[in-house]
Amino acid sequence: MIAPARYIDHHCHAVARGDLERPAVEALLSESHQPAVPGCTQFDKPLGLLVRKHCAPLLDLEPFCSPEDYMERRLALGCEAVNRRLLRAADMTSLLIDSGHRSDSLLGLPAMAEFSGAITREVVRVEAVMEEVAREADSPAALLAAFSEALHERARDAVGLKSIVAYRVTFDIDQTAPSQDAVLSAAGTWLKANEREGWHRLEDPVLIRHALFAALDLCNERKFPLQLHTGVGDSDVIMPRCDPTHFTPFIMAAEAKAVPLTLLHCYPFEREAGWLAEVFSNVYYDVGFTLNFTGALARRALSDAMEMGPFFKQLYSTDAFGLAELHYLGRVQFDRFLSEVLDGWLAAGDCTSADAERIAGMIAHANAERIYPL
Amino acid sequence: MIAPARYIDHHCHAVARGDLERPAVEALLSESHQPAVPGCTQFDKPLGLLVRKHCAPLLDLEPFCSPEDYMERRLALGCEAVNRRLLRAADMTSLLIDSGHRSDSLLGLPAMAEFSGAITREVVRVEAVMEEVAREADSPAALLAAFSEALHERARDAVGLKSIVAYRVTFDIDQTAPSQDAVLSAAGTWLKANEREGWHRLEDPVLIRHALFAALDLCNERKFPLQLHTGVGDSDVIMPRCDPTHFTPFIMAAEAKAVPLTLLHCYPFEREAGWLAEVFSNVYYDVGFTLNFTGALARRALSDAMEMGPFFKQLYSTDAFGLAELHYLGRVQFDRFLSEVLDGWLAAGDCTSADAERIAGMIAHANAERIYPL
Amino acid sequence: MIAPARYIDHHCHAVARGDLERPAVEALLSESHQPAVPGCTQFDKPLGLLVRKHCAPLLDLEPFCSPEDYMERRLALGCEAVNRRLLRAADMTSLLIDSGHRSDSLLGLPAMAEFSGAITREVVRVEAVMEEVAREADSPAALLAAFSEALHERARDAVGLKSIVAYRVTFDIDQTAPSQDAVLSAAGTWLKANEREGWHRLEDPVLIRHALFAALDLCNERKFPLQLHTGVGDSDVIMPRCDPTHFTPFIMAAEAKAVPLTLLHCYPFEREAGWLAEVFSNVYYDVGFTLNFTGALARRALSDAMEMGPFFKQLYSTDAFGLAELHYLGRVQFDRFLSEVLDGWLAAGDCTSADAERIAGMIAHANAERIYPL
């Protein structure tokens, strides 16, 4: 069994404020915008089995209790106790928290620090910053100026930036820096549409490219990474265009600026991520999200991620959002399956125990400690 | 070992009429349009080993007899005995049979019911219906009217529809409903080409989109699923464009009409299918075809299919075509590899035996029983 | 443990001339154009563990010695002893060597034969031939004539041709034979750019298509294969467009001319390669490169390659370039993981020992002996 000295969850979100009824918990156990089929439950999938196996005992229940018993006990204990128990059990040294998605419904960083006992640091989502300033901007030029200022301001205490370009326009796009004119024109179109037809989320590829290149400059200046959401995501994503190998030109632009890019989740492109980490000096990756959602069969995703990529390029994350169960399960899954892989290597004489220990430490904390200003 | 109460093969074809010589059997053991390399045989691949291992004993031969002995015995027994033995051994409760491909050379549903002992129900292939009426139509308007009428008529006793859109034009197409004008114009072009140059199979994306949206309406009305051929198929298919995640806009249109879509085969996109089933409430999937063609290594495809998707979204099928061996092997493979996965989970404490039993039952029959009007 | 009578490495390169310092060895252990992250080493990845495990003992070191000790000993022994020990240990019958990439810095075929004890035969890279003649050509017509002549001349003693079309323009291109006019025009553009702006490598899709169809004709005439670099490659490749299933129209053109195509490496498209080998009578494939670079986890790539494709279509290769370690490790990895797969089949009763022996022999040598004029 691996035993790294520390764990850095380099990409997660906070947990939900307040107590959650079953429909809310089921929704957070799923990537779907819809509830499960009538008569069916999100507990009937690999992630659901994990919750019943590993989280139930932390709430004083038998493993594999029924979803009904689990939900009843969860509500009886109350969210504070539930969050404290599960987050403490995850036992992280640091949580790097993406604050840019539905943050009104989630706990803030101080509360997350208190419940988890971990140091909490912020990662700023660049599209969220642009959307924020767009609500106030009265001209394209004002939008761009406000974006630049807000990005620097918001990033002051942050340890990295994040882009969800693949969510919004996929990776299969023009990857050059857009001209100032093109950006101003796109900003004007967006602002006008917002004025005439109500709020539109940021989906313009020119504006997103502008945000990406602004992010690269800031990351270069601050010597911290840009995180890139990769692969699985919202249901309206066209997955093949979210294959990170489509983003090669941008990766090269970031490499030229010595900006580490950290590819998040990567499902179903774990092997592609490992290959990018092999060929580009600035590419890092994790299989957070994936380890939770693939449950008892998560060894495959972890093995795929480890089959080619350098050990000094892999990171630990959970991508947990809303439910403290996901923070805890990410740790359980990582420990179990990384141990299975490394124990297999030791048994077959494929590395020494010093190698195994070092590899686990690199992934659990040392690589993150090298690239993030913690 | 799993032991579901019933099995519904929700997607298969009938077996060939009459006795088959070796070249015909080899052709049906392959997706190729060509015979094997001279001096080589289709028995020299994973599927061929399966036939020699599992089917030979049902024909009173030793396992792993030579292909020559197998073929000699198969002909000596005669097709009726062979079909009866193999189909009975598959031991299905129901066979949902796609009647739209080379049906002249295959047995009808009553004969399949008699040989197999299963209830047989029809699934209507929408492109085949359009091709059928196109042979008689004397104008675009007549074609569309005849298609609509024939589809309803043919579907009267059916339990679902099927589209091979990915075979013909891939999933990487415009996925909006075409205008009436566009459809009439495309129909005119096709009819004229048929008249001038002889028969062309249906390959026009506008007509196929028309057929798909007509199918959605009928499925909505009849509350039964639309099956979608996914991934592997004819040799002229450009595989990356048959990734089902390209079909997201159409999946959303079907979800809005509460029409279940069942993704068939899915090779090599099992993980993508599982993800779609996770994010869309109406997506179901199977790994029929794949389990047979990946032989002794089929555990990987089955595991991939099970790693993320809800258990209430997975289906049993064989995609068997022409050879009763394929109906039987589909059952053998499913039982073996689902048992291996679930026994692994039980051994590692990843689910209870009640969970394992329930999961096997959902996939073998309960999910199909919920979405098909059986 | 498998024990084929012979091994044909149907795709490899020669080893570097002269002694190599650590940065040069690290660069050859990587597909990257950049050195590893400062403070990190290419020994810290799956391939690095393989070198420390298997190659160290051949240089009289303990397995898993430090990279420093390994490099010190490698230099002390000198390149001749290192090459001789590692290449002899690989114990190949024949090496089919691609002579078209950085050949000035590599040993020639006679030296490779002497060090390895194997017969060495040449495979001619068609793009390299065109680049060679372009340096001398003074008109488009002269370029084409010189290319045709040089290709025939260079291929006289060769056993096959090779194209790196996927490296240069991906497989996602127009796959028809270009017109003579289009080829002349493209040649003119390239020559003029070279004259005006200095040397440009061959990247014009029209010229590459011309080279491909010229190669098909020559392969048809000589009855030898065309090798196609597939999947992983230079860092500037857009991977999804290097999926070999994009090349279906060209594969069909080659099938019509009875030219075997051998897909090389295939990472991460092993399953796609196996499917193409199943549906096209002329498609062969290997997982050379991949077995080395996926280290202790290489069983997955080998299993994926074997799960569907006919056994009479798979080939042995290493894709070793520059380092004799890679020639030796390719053999170690193949023997280990093919044995693991086949021993697993034997243990589960999935084939007979005669089958296992025959399958290993087909992949190690018999298939190559059938399609190459050795």
# chains A, B, ... in the order shown; residues from 1 in each chain; ligands from 1
call {"tool": "closest_atom_pairs", "arguments": {"of": "chain C", "to": "chain B", "cutoff": "10 Å", "atoms": "only C-alpha atoms", "output": "Markdown table"}}
result
| residue | atom | partner | partner_atom | distance |
| --- | --- | --- | --- | --- |
| C:Asp172 | CA | B:Ile238 | CA | 9.9 |
| C:Pro240 | CA | B:Pro240 | CA | 8.1 |
| C:Arg241 | CA | B:Pro240 | CA | 8.9 |
| C:Asp243 | CA | B:Pro240 | CA | 7.7 |
| C:Pro244 | CA | B:Met239 | CA | 9.1 |
| C:Thr245 | CA | B:Met239 | CA | 5.7 |
| C:His246 | CA | B:Ile238 | CA | 5.6 |
| C:Phe247 | CA | B:Ile238 | CA | 8.0 |
| C:Thr248 | CA | B:Asp236 | CA | 6.5 |
| C:Pro249 | CA | B:Asp236 | CA | 7.5 |
| C:Ile251 | CA | B:Asp236 | CA | 9.8 |
| C:Met252 | CA | B:Asp236 | CA | 8.3 |
| C:Glu255 | CA | B:Gln34 | CA | 9.8 |
| C:Phe269 | CA | B:Pro268 | CA | 9.7 |
| C:Arg271 | CA | B:Pro268 | CA | 6.9 |
| C:Glu272 | CA | B:Pro268 | CA | 7.3 |
| C:Trp275 | CA | B:Val232 | CA | 8.0 |
| C:Leu276 | CA | B:Ser235 | CA | 7.8 |
| C:Ala277 | CA | B:Ser32 | CA | 9.1 |
| C:Glu278 | CA | B:Ser32 | CA | 6.5 |
| C:Val279 | CA | B:Ser32 | CA | 4.0 |
| C:Phe280 | CA | B:Ser32 | CA | 6.1 |
| C:Ser281 | CA | B:Val37 | CA | 6.1 |
| C:Asn282 | CA | B:Val37 | CA | 7.9 |
| C:Arg300 | CA | B:Arg300 | CA | 9.3 |
| C:Ser303 | CA | B:Leu297 | CA | 7.1 |
| C:Asp304 | CA | B:Leu297 | CA | 8.2 |
| C:Met306 | CA | B:Pro46 | CA | 7.9 |
| C:Glu307 | CA | B:Thr294 | CA | 4.7 |
| C:Met308 | CA | B:Thr294 | CA | 4.8 |
| C:Gly309 | CA | B:Lys45 | CA | 6.4 |
| C:Pro310 | CA | B:Lys45 | CA | 4.3 |
| C:Phe311 | CA | B:Lys45 | CA | 5.4 |
| C:Phe312 | CA | B:Cys40 | CA | 6.9 |
| C:Lys313 | CA | B:Val37 | CA | 9.1 |
| C:Val341 | CA | B:Leu297 | CA | 8.9 |
| C:Leu342 | CA | B:Ala296 | CA | 10.0 |
| C:Gly344 | CA | B:Ala296 | CA | 9.2 |
| C:Trp345 | CA | B:Ala296 | CA | 7.0 |
| C:Ala348 | CA | B:Ala296 | CA | 8.9 |
| C:Gly349 | CA | B:Lys53 | CA | 8.1 |
| C:Asp350 | CA | B:Ala296 | CA | 6.3 |
| C:Cys351 | CA | B:Leu49 | CA | 6.5 |
| C:Thr352 | CA | B:Phe64 | CA | 7.2 |
| C:Asp355 | CA | B:Asp44 | CA | 8.9 |
| C:Arg358 | CA | B:Asp44 | CA | 9.7 |
| C:Ile359 | CA | B:Asp44 | CA | 8.4 |
call {"tool": "residues_around", "arguments": {"residues": "His365 of chain C", "least_positions_apart": "3", "cutoff": "7 Å", "atoms": "only C-alpha atoms", "output": "PyMOL selection string"}}
result
chain C and resi 6-8+361-362+368-369
call {"tool": "residues_around", "arguments": {"residues": "Val82 of chain B", "least_positions_apart": "3", "cutoff": "9 Å", "atoms": "only C-alpha atoms", "output": "PyMOL selection string"}}
result
chain B and resi 58-59+74-75+77-79+85-87+324-325
call {"tool": "write_last_selection", "arguments": {"atoms": "N, CA and C atoms", "output": "tab-separated table (two decimals), in the first residue's frame"}}
result
chain	number	residue	atom	x	y	z
B	58	LEU	N	-20.97	-28.97	-29.16
B	58	LEU	CA	-22.42	-29.06	-29.43
B	58	LEU	C	-22.69	-29.83	-30.72
B	59	LEU	N	-21.67	-29.97	-31.54
B	59	LEU	CA	-21.83	-30.79	-32.75
B	59	LEU	C	-21.16	-32.15	-32.56
B	74	ARG	N	-20.50	-30.19	-39.52
B	74	ARG	CA	-21.60	-29.22	-39.66
B	74	ARG	C	-22.47	-29.58	-40.85
B	75	LEU	N	-21.83	-29.94	-41.96
B	75	LEU	CA	-22.58	-30.30	-43.16
B	75	LEU	C	-23.26	-31.65	-42.98
B	77	LEU	N	-24.39	-33.00	-40.21
B	77	LEU	CA	-25.57	-32.84	-39.36
B	77	LEU	C	-26.72	-32.15	-40.09
B	78	GLY	N	-26.38	-31.23	-40.94
B	78	GLY	CA	-27.40	-30.47	-41.67
B	78	GLY	C	-27.81	-29.24	-40.89
B	79	CYS	N	-28.23	-28.24	-41.63
B	79	CYS	CA	-28.45	-26.93	-41.01
B	79	CYS	C	-29.56	-26.96	-39.97
B	85	ARG	N	-29.58	-27.07	-32.37
B	85	ARG	CA	-28.69	-27.29	-31.22
B	85	ARG	C	-28.10	-25.98	-30.69
B	86	LEU	N	-27.62	-25.18	-31.61
B	86	LEU	CA	-26.93	-23.96	-31.17
B	86	LEU	C	-27.91	-22.93	-30.62
B	87	LEU	N	-29.04	-22.76	-31.30
B	87	LEU	CA	-30.00	-21.75	-30.83
B	87	LEU	C	-30.64	-22.17	-29.51
B	324	ALA	N	-25.82	-19.61	-36.51
B	324	ALA	CA	-26.34	-19.86	-35.15
B	324	ALA	C	-25.20	-19.91	-34.14
B	325	GLU	N	-23.99	-20.20	-34.63
B	325	GLU	CA	-22.83	-20.15	-33.73
B	325	GLU	C	-22.75	-18.79	-33.02
call {"tool": "residues_around", "arguments": {"residues": "Tyr285 of chain A", "least_positions_apart": "5", "cutoff": "6 Å", "atoms": "only C-alpha atoms", "output": "list in words"}}
result
Thr262, Leu263, Leu264, Gln314 and Leu315 of chain A
call {"tool": "residues_around", "arguments": {"residues": "segment 212-214 of chain B", "least_positions_apart": "2", "cutoff": "8 Å", "atoms": "only C-alpha atoms", "output": "number ranges by chain"}}
result
B: 126, 148, 163, 177, 208-210, 216-218
call {"tool": "atom_distance", "arguments": {"atom1": "atom CA of Leu161 of chain B", "atom2": "atom CA of His200 of chain B"}}
result
22.6 Å
call {"tool": "closest_residue", "arguments": {"among": "B:Gly288, B:Pro57, B:Gly198, B:Pro67", "to": "His229 of chain B", "atoms": "only C-alpha atoms"}}
result
B:Gly288
call {"tool": "select_by_dssp", "arguments": {"residues": "segment 213-370 of chain C", "states": "alpha helix (DSSP H)", "output": "NGL selection string"}}
result
:C and (213-222 or 248-256 or 270-279 or 290-293 or 299-306 or 324-347 or 353-361 or 367-370)
call {"tool": "write_last_selection", "arguments": {"atoms": "C-alpha atoms", "output": "mmCIF file, in the first residue's frame"}}
result
data_model
loop_
_atom_site.group_PDB
_atom_site.id
_atom_site.type_symbol
_atom_site.label_atom_id
_atom_site.label_comp_id
_atom_site.auth_asym_id
_atom_site.auth_seq_id
_atom_site.Cartn_x
_atom_site.Cartn_y
_atom_site.Cartn_z
ATOM 1 C CA PHE C 213 0.415 6.168 -55.541
ATOM 2 C CA ALA C 214 3.851 5.772 -57.120
ATOM 3 C CA ALA C 215 4.714 3.600 -54.117
ATOM 4 C CA LEU C 216 1.593 1.474 -54.607
ATOM 5 C CA ASP C 217 2.554 0.792 -58.211
ATOM 6 C CA LEU C 218 6.073 -0.161 -57.299
ATOM 7 C CA CYS C 219 4.894 -2.366 -54.411
ATOM 8 C CA ASN C 220 2.450 -4.063 -56.750
ATOM 9 C CA GLU C 221 5.218 -4.675 -59.271
ATOM 10 C CA ARG C 222 7.693 -5.899 -56.691
ATOM 11 C CA THR C 248 -9.900 3.764 -45.645
ATOM 12 C CA PRO C 249 -10.115 5.010 -49.256
ATOM 13 C CA PHE C 250 -6.373 4.586 -49.729
ATOM 14 C CA ILE C 251 -6.464 1.188 -48.049
ATOM 15 C CA MET C 252 -9.113 0.146 -50.561
ATOM 16 C CA ALA C 253 -6.961 1.420 -53.431
ATOM 17 C CA ALA C 254 -4.069 -0.667 -52.109
ATOM 18 C CA GLU C 255 -6.331 -3.692 -51.676
ATOM 19 C CA ALA C 256 -7.364 -3.395 -55.311
ATOM 20 C CA GLU C 270 -4.302 -0.545 -31.687
ATOM 21 C CA ARG C 271 -7.953 -1.565 -31.734
ATOM 22 C CA GLU C 272 -8.643 0.413 -34.878
ATOM 23 C CA ALA C 273 -5.666 -1.291 -36.524
ATOM 24 C CA GLY C 274 -6.984 -4.715 -35.514
ATOM 25 C CA TRP C 275 -10.374 -3.883 -36.969
ATOM 26 C CA LEU C 276 -8.847 -2.719 -40.255
ATOM 27 C CA ALA C 277 -6.902 -5.995 -40.417
ATOM 28 C CA GLU C 278 -10.192 -7.834 -39.887
ATOM 29 C CA VAL C 279 -12.062 -6.029 -42.661
ATOM 30 C CA THR C 290 4.344 0.924 -28.128
ATOM 31 C CA LEU C 291 5.621 -2.152 -26.275
ATOM 32 C CA ASN C 292 8.795 -0.313 -25.287
ATOM 33 C CA PHE C 293 7.225 2.989 -24.372
ATOM 34 C CA ARG C 299 0.169 -5.972 -21.812
ATOM 35 C CA ARG C 300 -2.762 -3.713 -22.459
ATOM 36 C CA ALA C 301 -1.534 -2.510 -25.853
ATOM 37 C CA LEU C 302 -0.635 -6.043 -26.903
ATOM 38 C CA SER C 303 -4.003 -7.385 -25.765
ATOM 39 C CA ASP C 304 -5.816 -4.609 -27.542
ATOM 40 C CA ALA C 305 -3.948 -5.422 -30.718
ATOM 41 C CA MET C 306 -4.807 -9.114 -30.389
ATOM 42 C CA ALA C 324 20.462 -0.699 -29.077
ATOM 43 C CA GLU C 325 18.576 -0.785 -25.780
ATOM 44 C CA LEU C 326 15.393 -0.296 -27.780
ATOM 45 C CA HIS C 327 16.137 -3.237 -30.080
ATOM 46 C CA TYR C 328 16.733 -5.476 -27.092
ATOM 47 C CA LEU C 329 13.812 -4.246 -24.999
ATOM 48 C CA GLY C 330 11.414 -4.760 -27.895
ATOM 49 C CA ARG C 331 12.263 -8.450 -27.832
ATOM 50 C CA VAL C 332 12.030 -8.682 -24.043
ATOM 51 C CA GLN C 333 8.657 -6.955 -23.991
ATOM 52 C CA PHE C 334 7.206 -8.968 -26.850
ATOM 53 C CA ASP C 335 8.299 -12.280 -25.350
ATOM 54 C CA ARG C 336 6.999 -11.397 -21.915
ATOM 55 C CA PHE C 337 3.648 -9.979 -22.832
ATOM 56 C CA LEU C 338 2.785 -12.307 -25.693
ATOM 57 C CA SER C 339 3.611 -15.142 -23.318
ATOM 58 C CA GLU C 340 1.374 -13.623 -20.666
ATOM 59 C CA VAL C 341 -1.528 -13.388 -23.106
ATOM 60 C CA LEU C 342 -1.076 -16.872 -24.554
ATOM 61 C CA ASP C 343 -0.353 -18.491 -21.178
ATOM 62 C CA GLY C 344 -3.578 -16.907 -19.969
ATOM 63 C CA TRP C 345 -5.427 -18.461 -22.895
ATOM 64 C CA LEU C 346 -3.897 -21.858 -22.220
ATOM 65 C CA ALA C 347 -4.721 -21.680 -18.523
ATOM 66 C CA SER C 353 -0.683 -25.338 -26.948
ATOM 67 C CA ALA C 354 -0.318 -26.072 -30.660
ATOM 68 C CA ASP C 355 -2.475 -22.998 -31.358
ATOM 69 C CA ALA C 356 -0.397 -20.854 -29.005
ATOM 70 C CA GLU C 357 2.831 -21.945 -30.637
ATOM 71 C CA ARG C 358 1.448 -21.331 -34.097
ATOM 72 C CA ILE C 359 0.112 -17.873 -33.156
ATOM 73 C CA ALA C 360 3.468 -16.833 -31.679
ATOM 74 C CA GLY C 361 5.264 -18.077 -34.785
ATOM 75 C CA ASN C 367 3.531 -13.393 -41.462
ATOM 76 C CA ALA C 368 6.539 -11.232 -42.300
ATOM 77 C CA GLU C 369 8.094 -14.111 -44.227
ATOM 78 C CA ARG C 370 4.914 -14.408 -46.283
#
